[in-house]
Amino acid sequence: MTPEAALAEIAAHAVPGRAEEMRAYHKVDRTYLGVPNPVLNDLTRAWRPGLDVEARVALARGLWDSDVFEARLAAAKLLTQARIRPDDSVWALIQSWVPDFDSWAIADHACQAGQRRLTADHARIDTVEGWVQSPHMWTRRAALVITLPWARLNHPSEADLAIRDRVLGWAASYVPDRDWFIQKAVAWWVRDLSKHDVPRAQGFLDAHGGGLKPFALREASKYL
């Protein structure tokens with residue numbers, strides 16, 4: 001399947017009037033087709049079995065490069081799968097997308113794909129750590145979103161706990177950042193952590209909660 005054929009298939013499911021609503025909601029200037037997210041789930045689920053890894057990577061790259069909102073979501077969905085072997089080309093493509101992030105919906109879909117690749121190879125956390133000092137806000141935010149699986153583990157190993165503490169260190173360095181999306185990401189990580197590791201979540205807030213914006217502190221402590 002070519003990117004052009006896939007994009008045409010996506011566009012065939014456009015809902016009249018929805019594109020304008022999406023543009024107003026997401027507030028980023030790009031092409032919106034007006035296709036609901038469940039349709040993208042169905043399409044990408046149907047495409048995946050007929051594509052080997054390299055064909056899937058090529059299709060995802062072409063869809064992403066179109067800069068159409070639904071195509072970028074579909075590109076991420078094509079690569080959101082726990083078991084992909086070999087997956088180095090998948091991880092490389094996801095990394096290449098990070099500097100392009102400019103909206104939460106696209107960034108979060110791409111990070112969901114990236115989460116699977118991180119949990120498949122924990123050494124890739126070293127790459128993510130390099131995002132923490134980026135001047136690009138969405139890249140800094142992605143470092144927390146892509147590592148959310150470690151906030152959500154019920155039975156973490158010692159190695160998992162070390163990663164959990166490592167990411168909490170990144171989050172602590174973000175606390176002085178006044179950007180809404182950064183504050184929200186910190187709150188999201190600590191909120192999810194609090195469902196599985198109360199001592200670490202509470203310890204983080206005891207040490208750093210006073211520096212969070214009020215909305216972020218409320219969100220982070222929601223379940224404590």
# chains A, B, ... in the order shown; residues from 1 in each chain; ligands from 1
>>> select_by_dssp(residues="stretch 90-213 of chain A", states="alpha helix (DSSP H)", output="MDAnalysis selection string")
chainID A and resid 90:97 104:120 125:129 137:145 158:174 180:194 198:208
>>> residues_around(residues="A:Val128", least_positions_apart="2", cutoff="12 Å", atoms="only C-alpha atoms", output="tab-separated table (two decimals) with all heavy atoms, in the first residue's frame")
chain	number	residue	atom	x	y	z
A	91	TRP	N	11.81	2.18	15.97
A	91	TRP	CA	12.26	3.11	17.00
A	91	TRP	C	12.95	4.32	16.37
A	91	TRP	O	12.74	5.46	16.78
A	91	TRP	CB	13.19	2.40	17.97
A	91	TRP	CG	13.84	3.25	19.00
A	91	TRP	CD1	15.18	3.37	19.25
A	91	TRP	CD2	13.21	4.13	19.95
A	91	TRP	NE1	15.42	4.25	20.28
A	91	TRP	CE2	14.22	4.73	20.73
A	91	TRP	CE3	11.88	4.46	20.21
A	91	TRP	CZ2	13.95	5.65	21.74
A	91	TRP	CZ3	11.61	5.38	21.23
A	91	TRP	CH2	12.63	5.97	21.98
A	94	ILE	N	10.23	6.66	14.97
A	94	ILE	CA	9.52	7.38	16.04
A	94	ILE	C	10.40	8.50	16.59
A	94	ILE	O	9.93	9.63	16.80
A	94	ILE	CB	9.10	6.40	17.15
A	94	ILE	CG1	8.03	5.43	16.63
A	94	ILE	CG2	8.58	7.17	18.38
A	94	ILE	CD1	7.75	4.26	17.54
A	95	GLN	N	11.69	8.22	16.80
A	95	GLN	CA	12.60	9.27	17.26
A	95	GLN	C	12.64	10.44	16.28
A	95	GLN	O	12.70	11.61	16.69
A	95	GLN	CB	14.00	8.71	17.41
A	95	GLN	CG	14.23	7.77	18.55
A	95	GLN	CD	15.68	7.32	18.57
A	95	GLN	OE1	16.58	8.08	18.93
A	95	GLN	NE2	15.92	6.09	18.15
A	98	VAL	N	9.90	13.16	16.74
A	98	VAL	CA	9.79	13.97	17.97
A	98	VAL	C	10.01	15.46	17.70
A	98	VAL	O	9.24	16.30	18.21
A	98	VAL	CB	10.73	13.43	19.06
A	98	VAL	CG1	10.70	14.34	20.29
A	98	VAL	CG2	10.32	12.00	19.45
A	111	CYS	N	3.89	8.95	20.98
A	111	CYS	CA	4.50	8.47	22.23
A	111	CYS	C	3.93	7.11	22.64
A	111	CYS	O	4.64	6.30	23.24
A	111	CYS	CB	4.33	9.49	23.34
A	111	CYS	SG	5.46	10.90	23.22
A	114	GLY	N	5.93	4.81	20.82
A	114	GLY	CA	7.25	4.80	21.42
A	114	GLY	C	7.31	4.06	22.74
A	114	GLY	O	8.32	3.42	23.07
A	115	GLN	N	6.23	4.11	23.52
A	115	GLN	CA	6.19	3.37	24.79
A	115	GLN	C	6.44	1.89	24.59
A	115	GLN	O	7.15	1.25	25.37
A	115	GLN	CB	4.84	3.58	25.47
A	115	GLN	CG	4.63	4.97	26.04
A	115	GLN	CD	3.19	5.22	26.47
A	115	GLN	OE1	2.37	4.29	26.52
A	115	GLN	NE2	2.87	6.46	26.78
A	117	ARG	N	8.18	0.49	22.25
A	117	ARG	CA	9.57	0.25	21.89
A	117	ARG	C	10.50	0.42	23.10
A	117	ARG	O	11.53	-0.24	23.20
A	117	ARG	CB	10.01	1.19	20.75
A	117	ARG	CG	9.08	1.14	19.56
A	117	ARG	CD	9.19	-0.09	18.67
A	117	ARG	NE	9.23	-1.39	19.25
A	117	ARG	CZ	8.13	-2.13	19.55
A	117	ARG	NH1	6.92	-1.67	19.38
A	117	ARG	NH2	8.27	-3.35	20.06
A	118	LEU	N	10.14	1.31	24.01
A	118	LEU	CA	10.93	1.46	25.23
A	118	LEU	C	10.79	0.25	26.13
A	118	LEU	O	11.77	-0.22	26.72
A	118	LEU	CB	10.50	2.72	26.00
A	118	LEU	CG	10.94	4.08	25.49
A	118	LEU	CD1	10.53	5.15	26.48
A	118	LEU	CD2	12.44	4.13	25.25
A	122	HIS	N	14.81	-1.49	27.31
A	122	HIS	CA	14.93	-0.44	28.32
A	122	HIS	C	16.15	0.45	28.09
A	122	HIS	O	16.17	1.59	28.58
A	122	HIS	CB	15.00	-1.06	29.72
A	122	HIS	CG	13.75	-1.76	30.12
A	122	HIS	ND1	13.58	-2.30	31.38
A	122	HIS	CD2	12.59	-2.01	29.45
A	122	HIS	CE1	12.39	-2.86	31.47
A	122	HIS	NE2	11.77	-2.69	30.31
A	123	ALA	N	17.14	-0.03	27.37
A	123	ALA	CA	18.34	0.78	27.13
A	123	ALA	C	18.02	2.04	26.34
A	123	ALA	O	18.79	3.01	26.38
A	123	ALA	CB	19.39	-0.05	26.39
A	124	ARG	N	16.89	2.04	25.65
A	124	ARG	CA	16.50	3.21	24.87
A	124	ARG	C	16.14	4.41	25.74
A	124	ARG	O	16.04	5.53	25.24
A	124	ARG	CB	15.34	2.84	23.94
A	124	ARG	CG	15.77	1.90	22.83
A	124	ARG	CD	14.60	1.30	22.08
A	124	ARG	NE	15.09	0.52	20.94
A	124	ARG	CZ	14.39	-0.43	20.32
A	124	ARG	NH1	13.15	-0.72	20.72
A	124	ARG	NH2	14.89	-1.09	19.29
A	125	ILE	N	15.97	4.17	27.03
A	125	ILE	CA	15.74	5.28	27.96
A	125	ILE	C	16.89	6.28	27.89
A	125	ILE	O	16.70	7.48	28.09
A	125	ILE	CB	15.59	4.73	29.40
A	125	ILE	CG1	14.29	3.93	29.54
A	125	ILE	CG2	15.63	5.87	30.42
A	125	ILE	CD1	13.04	4.76	29.63
A	126	ASP	N	18.10	5.79	27.60
A	126	ASP	CA	19.26	6.70	27.50
A	126	ASP	C	19.03	7.74	26.42
A	126	ASP	O	19.42	8.91	26.58
A	126	ASP	CB	20.53	5.91	27.21
A	126	ASP	CG	20.96	5.02	28.36
A	126	ASP	OD1	20.46	5.23	29.49
A	126	ASP	OD2	21.78	4.11	28.13
A	130	GLY	N	18.13	12.32	26.68
A	130	GLY	CA	18.66	13.45	25.92
A	130	GLY	C	17.62	14.48	25.54
A	130	GLY	O	17.95	15.62	25.18
A	131	TRP	N	16.35	14.09	25.60
A	131	TRP	CA	15.27	15.02	25.25
A	131	TRP	C	14.99	16.01	26.38
A	131	TRP	O	14.37	17.05	26.14
A	131	TRP	CB	13.98	14.26	24.96
A	131	TRP	CG	14.06	13.23	23.88
A	131	TRP	CD1	15.11	13.00	23.02
A	131	TRP	CD2	13.07	12.27	23.52
A	131	TRP	NE1	14.82	11.96	22.17
A	131	TRP	CE2	13.57	11.50	22.45
A	131	TRP	CE3	11.78	11.98	24.01
A	131	TRP	CZ2	12.84	10.47	21.86
A	131	TRP	CZ3	11.06	10.96	23.43
A	131	TRP	CH2	11.59	10.21	22.37
A	132	VAL	N	15.41	15.69	27.57
A	132	VAL	CA	15.03	16.48	28.75
A	132	VAL	C	15.53	17.92	28.67
A	132	VAL	O	14.88	18.85	29.16
A	132	VAL	CB	15.53	15.78	30.03
A	132	VAL	CG1	15.28	16.65	31.27
A	132	VAL	CG2	14.86	14.41	30.19
A	133	GLN	N	16.67	18.13	28.04
A	133	GLN	CA	17.26	19.47	27.95
A	133	GLN	C	16.95	20.16	26.62
A	133	GLN	O	17.50	21.23	26.34
A	133	GLN	CB	18.78	19.38	28.14
A	133	GLN	CG	19.22	18.78	29.46
A	133	GLN	CD	18.75	19.60	30.64
A	133	GLN	OE1	18.68	20.83	30.57
A	133	GLN	NE2	18.43	18.93	31.74
A	134	SER	N	16.08	19.58	25.82
A	134	SER	CA	15.78	20.16	24.51
A	134	SER	C	15.14	21.54	24.64
A	134	SER	O	14.32	21.78	25.53
A	134	SER	CB	14.84	19.24	23.74
A	134	SER	OG	14.39	19.85	22.55
A	139	THR	N	9.38	18.19	22.79
A	139	THR	CA	10.36	17.13	23.00
A	139	THR	C	10.56	16.89	24.49
A	139	THR	O	10.61	15.74	24.94
A	139	THR	CB	11.70	17.49	22.33
A	139	THR	OG1	11.51	17.60	20.92
A	139	THR	CG2	12.76	16.45	22.61
A	140	ARG	N	10.67	17.97	25.26
A	140	ARG	CA	10.80	17.81	26.72
A	140	ARG	C	9.58	17.08	27.27
A	140	ARG	O	9.70	16.17	28.10
A	140	ARG	CB	10.96	19.17	27.40
A	140	ARG	CG	12.22	19.92	27.00
A	140	ARG	CD	12.55	21.05	27.97
A	140	ARG	NE	11.45	21.99	28.14
A	140	ARG	CZ	11.20	23.01	27.33
A	140	ARG	NH1	11.95	23.20	26.24
A	140	ARG	NH2	10.20	23.85	27.57
A	141	ARG	N	8.41	17.49	26.85
A	141	ARG	CA	7.18	16.84	27.32
A	141	ARG	C	7.17	15.36	26.95
A	141	ARG	O	6.75	14.51	27.75
A	141	ARG	CB	5.97	17.55	26.70
A	141	ARG	CG	4.62	16.92	27.03
A	141	ARG	CD	3.51	17.67	26.31
A	141	ARG	NE	2.19	17.10	26.58
A	141	ARG	CZ	1.63	16.10	25.90
A	141	ARG	NH1	2.30	15.55	24.89
A	141	ARG	NH2	0.43	15.66	26.21
A	142	ALA	N	7.63	15.04	25.74
A	142	ALA	CA	7.61	13.65	25.28
A	142	ALA	C	8.42	12.73	26.19
A	142	ALA	O	8.10	11.54	26.32
A	142	ALA	CB	8.13	13.57	23.85
A	143	ALA	N	9.47	13.25	26.82
A	143	ALA	CA	10.27	12.42	27.71
A	143	ALA	C	9.44	11.85	28.85
A	143	ALA	O	9.68	10.72	29.32
A	143	ALA	CB	11.45	13.23	28.27
A	144	LEU	N	8.44	12.59	29.31
A	144	LEU	CA	7.56	12.09	30.36
A	144	LEU	C	6.45	11.22	29.79
A	144	LEU	O	6.12	10.17	30.35
A	144	LEU	CB	6.96	13.25	31.16
A	144	LEU	CG	7.94	14.09	31.99
A	144	LEU	CD1	7.18	15.09	32.86
A	144	LEU	CD2	8.83	13.21	32.86
A	145	VAL	N	5.86	11.64	28.69
A	145	VAL	CA	4.73	10.88	28.14
A	145	VAL	C	5.17	9.50	27.67
A	145	VAL	O	4.47	8.50	27.89
A	145	VAL	CB	4.06	11.66	26.99
A	145	VAL	CG1	2.89	10.85	26.41
A	145	VAL	CG2	3.56	13.02	27.48
A	146	ILE	N	6.32	9.41	27.06
A	146	ILE	CA	6.77	8.14	26.50
A	146	ILE	C	7.21	7.16	27.59
A	146	ILE	O	7.27	5.94	27.36
A	146	ILE	CB	7.90	8.39	25.48
A	146	ILE	CG1	7.96	7.25	24.45
A	146	ILE	CG2	9.25	8.59	26.17
A	146	ILE	CD1	8.86	7.55	23.27
A	147	THR	N	7.49	7.66	28.79
A	147	THR	CA	7.92	6.80	29.90
A	147	THR	C	6.79	6.49	30.87
A	147	THR	O	7.03	5.88	31.92
A	147	THR	CB	9.09	7.44	30.67
A	147	THR	OG1	8.72	8.77	31.06
A	147	THR	CG2	10.35	7.49	29.82
A	163	ILE	N	14.44	3.07	36.91
A	163	ILE	CA	13.93	3.93	35.83
A	163	ILE	C	12.88	4.88	36.37
A	163	ILE	O	12.87	6.08	36.01
A	163	ILE	CB	13.36	3.07	34.68
A	163	ILE	CG1	14.49	2.30	33.99
A	163	ILE	CG2	12.61	3.94	33.67
A	163	ILE	CD1	14.03	1.31	32.95
A	166	ARG	N	14.60	7.62	38.04
A	166	ARG	CA	15.29	8.43	37.03
A	166	ARG	C	14.32	9.42	36.39
A	166	ARG	O	14.62	10.61	36.25
A	166	ARG	CB	15.88	7.49	35.97
A	166	ARG	CG	16.79	8.12	34.95
A	166	ARG	CD	17.37	6.99	34.10
A	166	ARG	NE	18.25	7.46	33.04
A	166	ARG	CZ	18.83	6.65	32.16
A	166	ARG	NH1	18.63	5.34	32.22
A	166	ARG	NH2	19.61	7.15	31.22
A	167	VAL	N	13.14	8.94	36.00
A	167	VAL	CA	12.17	9.82	35.36
A	167	VAL	C	11.64	10.84	36.35
A	167	VAL	O	11.40	12.01	35.99
A	167	VAL	CB	11.02	9.00	34.74
A	167	VAL	CG1	9.98	9.92	34.12
A	167	VAL	CG2	11.56	8.04	33.68
A	170	TRP	N	13.82	13.70	36.23
A	170	TRP	CA	13.52	14.58	35.10
A	170	TRP	C	12.34	15.48	35.44
A	170	TRP	O	12.36	16.68	35.17
A	170	TRP	CB	13.18	13.78	33.85
A	170	TRP	CG	14.18	12.77	33.41
A	170	TRP	CD1	15.47	12.63	33.86
A	170	TRP	CD2	13.97	11.74	32.45
A	170	TRP	NE1	16.07	11.56	33.23
A	170	TRP	CE2	15.18	11.00	32.35
A	170	TRP	CE3	12.88	11.37	31.66
A	170	TRP	CZ2	15.32	9.91	31.50
A	170	TRP	CZ3	13.01	10.28	30.80
A	170	TRP	CH2	14.21	9.56	30.72
>>> residues_around(residues="A:Pro176", least_positions_apart="3", cutoff="10 Å", atoms="only C-alpha atoms", output="PyMOL selection string")
chain A and resi 171-173+179+182-183+208+211-213
>>> residues_around(residues="stretch 48-63 of chain A", least_positions_apart="4", cutoff="10 Å", atoms="only C-alpha atoms", output="PDB file with N, CA and C atoms, in the first residue's frame")
ATOM      1  N   MET A   1       0.842  -1.203   0.000  1.00  0.00           N
ATOM      2  CA  MET A   1       0.000   0.000   0.000  1.00  0.00           C
ATOM      3  C   MET A   1       0.873   1.248   0.000  1.00  0.00           C
ATOM      4  N   THR A   2       0.561   2.188  -0.847  1.00  0.00           N
ATOM      5  CA  THR A   2       1.304   3.442  -0.886  1.00  0.00           C
ATOM      6  C   THR A   2       0.691   4.442   0.093  1.00  0.00           C
ATOM      7  N   PRO A   3       1.469   5.424   0.538  1.00  0.00           N
ATOM      8  CA  PRO A   3       0.898   6.470   1.394  1.00  0.00           C
ATOM      9  C   PRO A   3      -0.270   7.188   0.729  1.00  0.00           C
ATOM     10  N   GLU A   4      -0.193   7.381  -0.570  1.00  0.00           N
ATOM     11  CA  GLU A   4      -1.267   8.071  -1.281  1.00  0.00           C
ATOM     12  C   GLU A   4      -2.560   7.266  -1.235  1.00  0.00           C
ATOM     13  N   ALA A   5      -2.445   5.944  -1.415  1.00  0.00           N
ATOM     14  CA  ALA A   5      -3.632   5.089  -1.355  1.00  0.00           C
ATOM     15  C   ALA A   5      -4.209   5.063   0.050  1.00  0.00           C
ATOM     16  N   ALA A   6      -3.331   4.996   1.052  1.00  0.00           N
ATOM     17  CA  ALA A   6      -3.802   4.984   2.435  1.00  0.00           C
ATOM     18  C   ALA A   6      -4.492   6.300   2.783  1.00  0.00           C
ATOM     19  N   LEU A   7      -3.914   7.406   2.343  1.00  0.00           N
ATOM     20  CA  LEU A   7      -4.510   8.712   2.622  1.00  0.00           C
ATOM     21  C   LEU A   7      -5.871   8.846   1.953  1.00  0.00           C
ATOM     22  N   LEU A  43      -8.949   1.198  10.352  1.00  0.00           N
ATOM     23  CA  LEU A  43      -8.158   1.162   9.122  1.00  0.00           C
ATOM     24  C   LEU A  43      -6.751   0.631   9.379  1.00  0.00           C
ATOM     25  N   THR A  44      -6.090   1.158  10.376  1.00  0.00           N
ATOM     26  CA  THR A  44      -4.714   0.734  10.634  1.00  0.00           C
ATOM     27  C   THR A  44      -4.669  -0.720  11.106  1.00  0.00           C
ATOM     28  N   ASP A  67       1.844  15.476   6.622  1.00  0.00           N
ATOM     29  CA  ASP A  67       1.446  16.501   7.592  1.00  0.00           C
ATOM     30  C   ASP A  67      -0.067  16.670   7.679  1.00  0.00           C
ATOM     31  N   VAL A  68      -0.828  15.706   7.221  1.00  0.00           N
ATOM     32  CA  VAL A  68      -2.278  15.695   7.431  1.00  0.00           C
ATOM     33  C   VAL A  68      -2.526  15.141   8.827  1.00  0.00           C
ATOM     34  N   PHE A  69      -3.405  15.780   9.587  1.00  0.00           N
ATOM     35  CA  PHE A  69      -3.617  15.397  10.980  1.00  0.00           C
ATOM     36  C   PHE A  69      -3.930  13.911  11.118  1.00  0.00           C
ATOM     37  N   GLU A  70      -4.944  13.435  10.420  1.00  0.00           N
ATOM     38  CA  GLU A  70      -5.341  12.035  10.561  1.00  0.00           C
ATOM     39  C   GLU A  70      -4.265  11.084  10.042  1.00  0.00           C
ATOM     40  N   ALA A  71      -3.500  11.515   9.040  1.00  0.00           N
ATOM     41  CA  ALA A  71      -2.424  10.673   8.523  1.00  0.00           C
ATOM     42  C   ALA A  71      -1.322  10.501   9.559  1.00  0.00           C
ATOM     43  N   ARG A  72      -1.013  11.559  10.292  1.00  0.00           N
ATOM     44  CA  ARG A  72       0.006  11.438  11.345  1.00  0.00           C
ATOM     45  C   ARG A  72      -0.476  10.520  12.465  1.00  0.00           C
ATOM     46  N   LEU A  73      -1.757  10.627  12.819  1.00  0.00           N
ATOM     47  CA  LEU A  73      -2.278   9.703  13.816  1.00  0.00           C
ATOM     48  C   LEU A  73      -2.222   8.264  13.309  1.00  0.00           C
ATOM     49  N   ALA A  74      -2.594   8.063  12.051  1.00  0.00           N
ATOM     50  CA  ALA A  74      -2.560   6.724  11.473  1.00  0.00           C
ATOM     51  C   ALA A  74      -1.128   6.184  11.425  1.00  0.00           C
ATOM     52  N   ALA A  75      -0.168   7.046  11.116  1.00  0.00           N
ATOM     53  CA  ALA A  75       1.229   6.616  11.098  1.00  0.00           C
ATOM     54  C   ALA A  75       1.639   6.060  12.457  1.00  0.00           C
ATOM     55  N   ALA A  76       1.276   6.777  13.519  1.00  0.00           N
ATOM     56  CA  ALA A  76       1.605   6.313  14.862  1.00  0.00           C
ATOM     57  C   ALA A  76       0.875   5.012  15.191  1.00  0.00           C
ATOM     58  N   LYS A  77      -0.391   4.932  14.816  1.00  0.00           N
ATOM     59  CA  LYS A  77      -1.169   3.727  15.108  1.00  0.00           C
ATOM     60  C   LYS A  77      -0.610   2.500  14.394  1.00  0.00           C
ATOM     61  N   LEU A  78      -0.068   2.684  13.201  1.00  0.00           N
ATOM     62  CA  LEU A  78       0.543   1.568  12.476  1.00  0.00           C
ATOM     63  C   LEU A  78       1.684   0.941  13.266  1.00  0.00           C
ATOM     64  N   LEU A  79       2.351   1.745  14.091  1.00  0.00           N
ATOM     65  CA  LEU A  79       3.531   1.284  14.818  1.00  0.00           C
ATOM     66  C   LEU A  79       3.254   1.033  16.293  1.00  0.00           C
ATOM     67  N   GLN A  81       2.310  -1.318  18.645  1.00  0.00           N
ATOM     68  CA  GLN A  81       2.145  -2.752  18.812  1.00  0.00           C
ATOM     69  C   GLN A  81       3.249  -3.241  19.724  1.00  0.00           C
ATOM     70  N   ILE A  84       7.061  -6.272  17.864  1.00  0.00           N
ATOM     71  CA  ILE A  84       7.527  -5.989  16.502  1.00  0.00           C
ATOM     72  C   ILE A  84       8.984  -6.422  16.452  1.00  0.00           C
ATOM     73  N   ARG A  85       9.297  -7.321  15.572  1.00  0.00           N
ATOM     74  CA  ARG A  85      10.668  -7.809  15.434  1.00  0.00           C
ATOM     75  C   ARG A  85      11.038  -7.882  13.958  1.00  0.00           C
ATOM     76  N   PRO A  86      12.184  -7.330  13.594  1.00  0.00           N
ATOM     77  CA  PRO A  86      13.043  -6.436  14.388  1.00  0.00           C
ATOM     78  C   PRO A  86      12.415  -5.046  14.462  1.00  0.00           C
ATOM     79  N   ASP A  87      12.805  -4.289  15.467  1.00  0.00           N
ATOM     80  CA  ASP A  87      12.122  -3.009  15.663  1.00  0.00           C
ATOM     81  C   ASP A  87      13.038  -1.799  15.664  1.00  0.00           C
ATOM     82  N   SER A  89      14.249  -0.112  13.178  1.00  0.00           N
ATOM     83  CA  SER A  89      13.795   0.895  12.210  1.00  0.00           C
ATOM     84  C   SER A  89      12.535   1.603  12.711  1.00  0.00           C
ATOM     85  N   VAL A  90      11.718   0.891  13.467  1.00  0.00           N
ATOM     86  CA  VAL A  90      10.510   1.495  14.046  1.00  0.00           C
ATOM     87  C   VAL A  90      10.901   2.543  15.073  1.00  0.00           C
ATOM     88  N   TRP A  91      11.809   2.178  15.966  1.00  0.00           N
ATOM     89  CA  TRP A  91      12.260   3.108  16.996  1.00  0.00           C
ATOM     90  C   TRP A  91      12.950   4.321  16.366  1.00  0.00           C
ATOM     91  N   ALA A  92      13.739   4.091  15.338  1.00  0.00           N
ATOM     92  CA  ALA A  92      14.417   5.203  14.662  1.00  0.00           C
ATOM     93  C   ALA A  92      13.407   6.163  14.040  1.00  0.00           C
ATOM     94  N   LEU A  93      12.352   5.626  13.441  1.00  0.00           N
ATOM     95  CA  LEU A  93      11.342   6.494  12.830  1.00  0.00           C
ATOM     96  C   LEU A  93      10.611   7.305  13.885  1.00  0.00           C
ATOM     97  N   ILE A  94      10.229   6.659  14.968  1.00  0.00           N
ATOM     98  CA  ILE A  94       9.524   7.380  16.040  1.00  0.00           C
ATOM     99  C   ILE A  94      10.402   8.503  16.587  1.00  0.00           C
ATOM    100  N   SER A  96      12.614  10.132  14.992  1.00  0.00           N
ATOM    101  CA  SER A  96      12.706  11.191  13.986  1.00  0.00           C
ATOM    102  C   SER A  96      11.493  12.101  13.993  1.00  0.00           C
ATOM    103  N   TRP A  97      10.376  11.601  14.516  1.00  0.00           N
ATOM    104  CA  TRP A  97       9.155  12.405  14.560  1.00  0.00           C
ATOM    105  C   TRP A  97       9.152  13.433  15.696  1.00  0.00           C
TER     106      TRP A  97
END
>>> atom_distance(atom1="atom CA of A:Lys195", atom2="atom CA of A:Leu224")
8.2 Å
>>> atom_distance(atom1="atom CA of A:Asp88", atom2="atom CA of A:Glu129")
18.1 Å
>>> closest_residue(among="A:His26, A:Arg116, A:Leu205, A:Trp138", to="A:Val175", atoms="only C-alpha atoms")
A:Leu205
>>> decode(residues="stretch 203-224 of chain A", atoms="N, CA and C atoms", output="tab-separated table (two decimals), in the first residue's frame")
chain	number	residue	atom	x	y	z
A	203	GLY	N	6.30	11.44	48.09
A	203	GLY	CA	7.62	12.00	48.32
A	203	GLY	C	7.96	13.08	47.29
A	204	PHE	N	7.57	12.84	46.05
A	204	PHE	CA	7.81	13.85	45.02
A	204	PHE	C	7.06	15.13	45.34
A	205	LEU	N	5.80	15.01	45.73
A	205	LEU	CA	5.01	16.20	46.02
A	205	LEU	C	5.49	16.90	47.28
A	206	ASP	N	5.94	16.13	48.26
A	206	ASP	CA	6.47	16.76	49.47
A	206	ASP	C	7.69	17.61	49.13
A	207	ALA	N	8.50	17.11	48.19
A	207	ALA	CA	9.74	17.81	47.84
A	207	ALA	C	9.53	18.92	46.82
A	208	HIS	N	8.59	18.72	45.90
A	208	HIS	CA	8.49	19.61	44.75
A	208	HIS	C	7.09	20.19	44.50
A	209	GLY	N	6.11	19.71	45.21
A	209	GLY	CA	4.74	20.14	44.95
A	209	GLY	C	4.54	21.64	45.10
A	210	GLY	N	5.27	22.26	45.99
A	210	GLY	CA	5.13	23.70	46.19
A	210	GLY	C	5.54	24.51	44.98
A	211	GLY	N	6.33	23.91	44.08
A	211	GLY	CA	6.76	24.63	42.90
A	211	GLY	C	5.84	24.45	41.70
A	212	LEU	N	4.90	23.53	41.80
A	212	LEU	CA	3.97	23.30	40.70
A	212	LEU	C	2.90	24.38	40.65
A	213	LYS	N	2.37	24.61	39.48
A	213	LYS	CA	1.21	25.49	39.38
A	213	LYS	C	0.04	24.85	40.12
A	214	PRO	N	-0.88	25.65	40.65
A	214	PRO	CA	-2.00	25.08	41.43
A	214	PRO	C	-2.77	23.99	40.69
A	215	PHE	N	-3.05	24.17	39.41
A	215	PHE	CA	-3.82	23.15	38.69
A	215	PHE	C	-3.04	21.85	38.60
A	216	ALA	N	-1.72	21.94	38.43
A	216	ALA	CA	-0.89	20.75	38.32
A	216	ALA	C	-0.78	20.03	39.65
A	217	LEU	N	-0.68	20.78	40.73
A	217	LEU	CA	-0.63	20.17	42.05
A	217	LEU	C	-1.94	19.44	42.36
A	218	ARG	N	-3.05	20.04	41.99
A	218	ARG	CA	-4.35	19.37	42.21
A	218	ARG	C	-4.42	18.08	41.41
A	219	GLU	N	-3.96	18.13	40.16
A	219	GLU	CA	-4.01	16.95	39.32
A	219	GLU	C	-3.07	15.86	39.84
A	220	ALA	N	-1.87	16.24	40.22
A	220	ALA	CA	-0.88	15.26	40.69
A	220	ALA	C	-1.33	14.57	41.96
A	221	SER	N	-2.03	15.29	42.82
A	221	SER	CA	-2.44	14.74	44.12
A	221	SER	C	-3.86	14.19	44.12
A	222	LYS	N	-4.45	14.08	42.96
A	222	LYS	CA	-5.87	13.70	42.83
A	222	LYS	C	-6.22	12.42	43.57
A	223	TYR	N	-5.34	11.43	43.56
A	223	TYR	CA	-5.64	10.13	44.15
A	223	TYR	C	-4.92	9.88	45.47
A	224	LEU	N	-4.28	10.91	46.00
A	224	LEU	CA	-3.57	10.77	47.27
A	224	LEU	C	-4.44	11.26	48.43
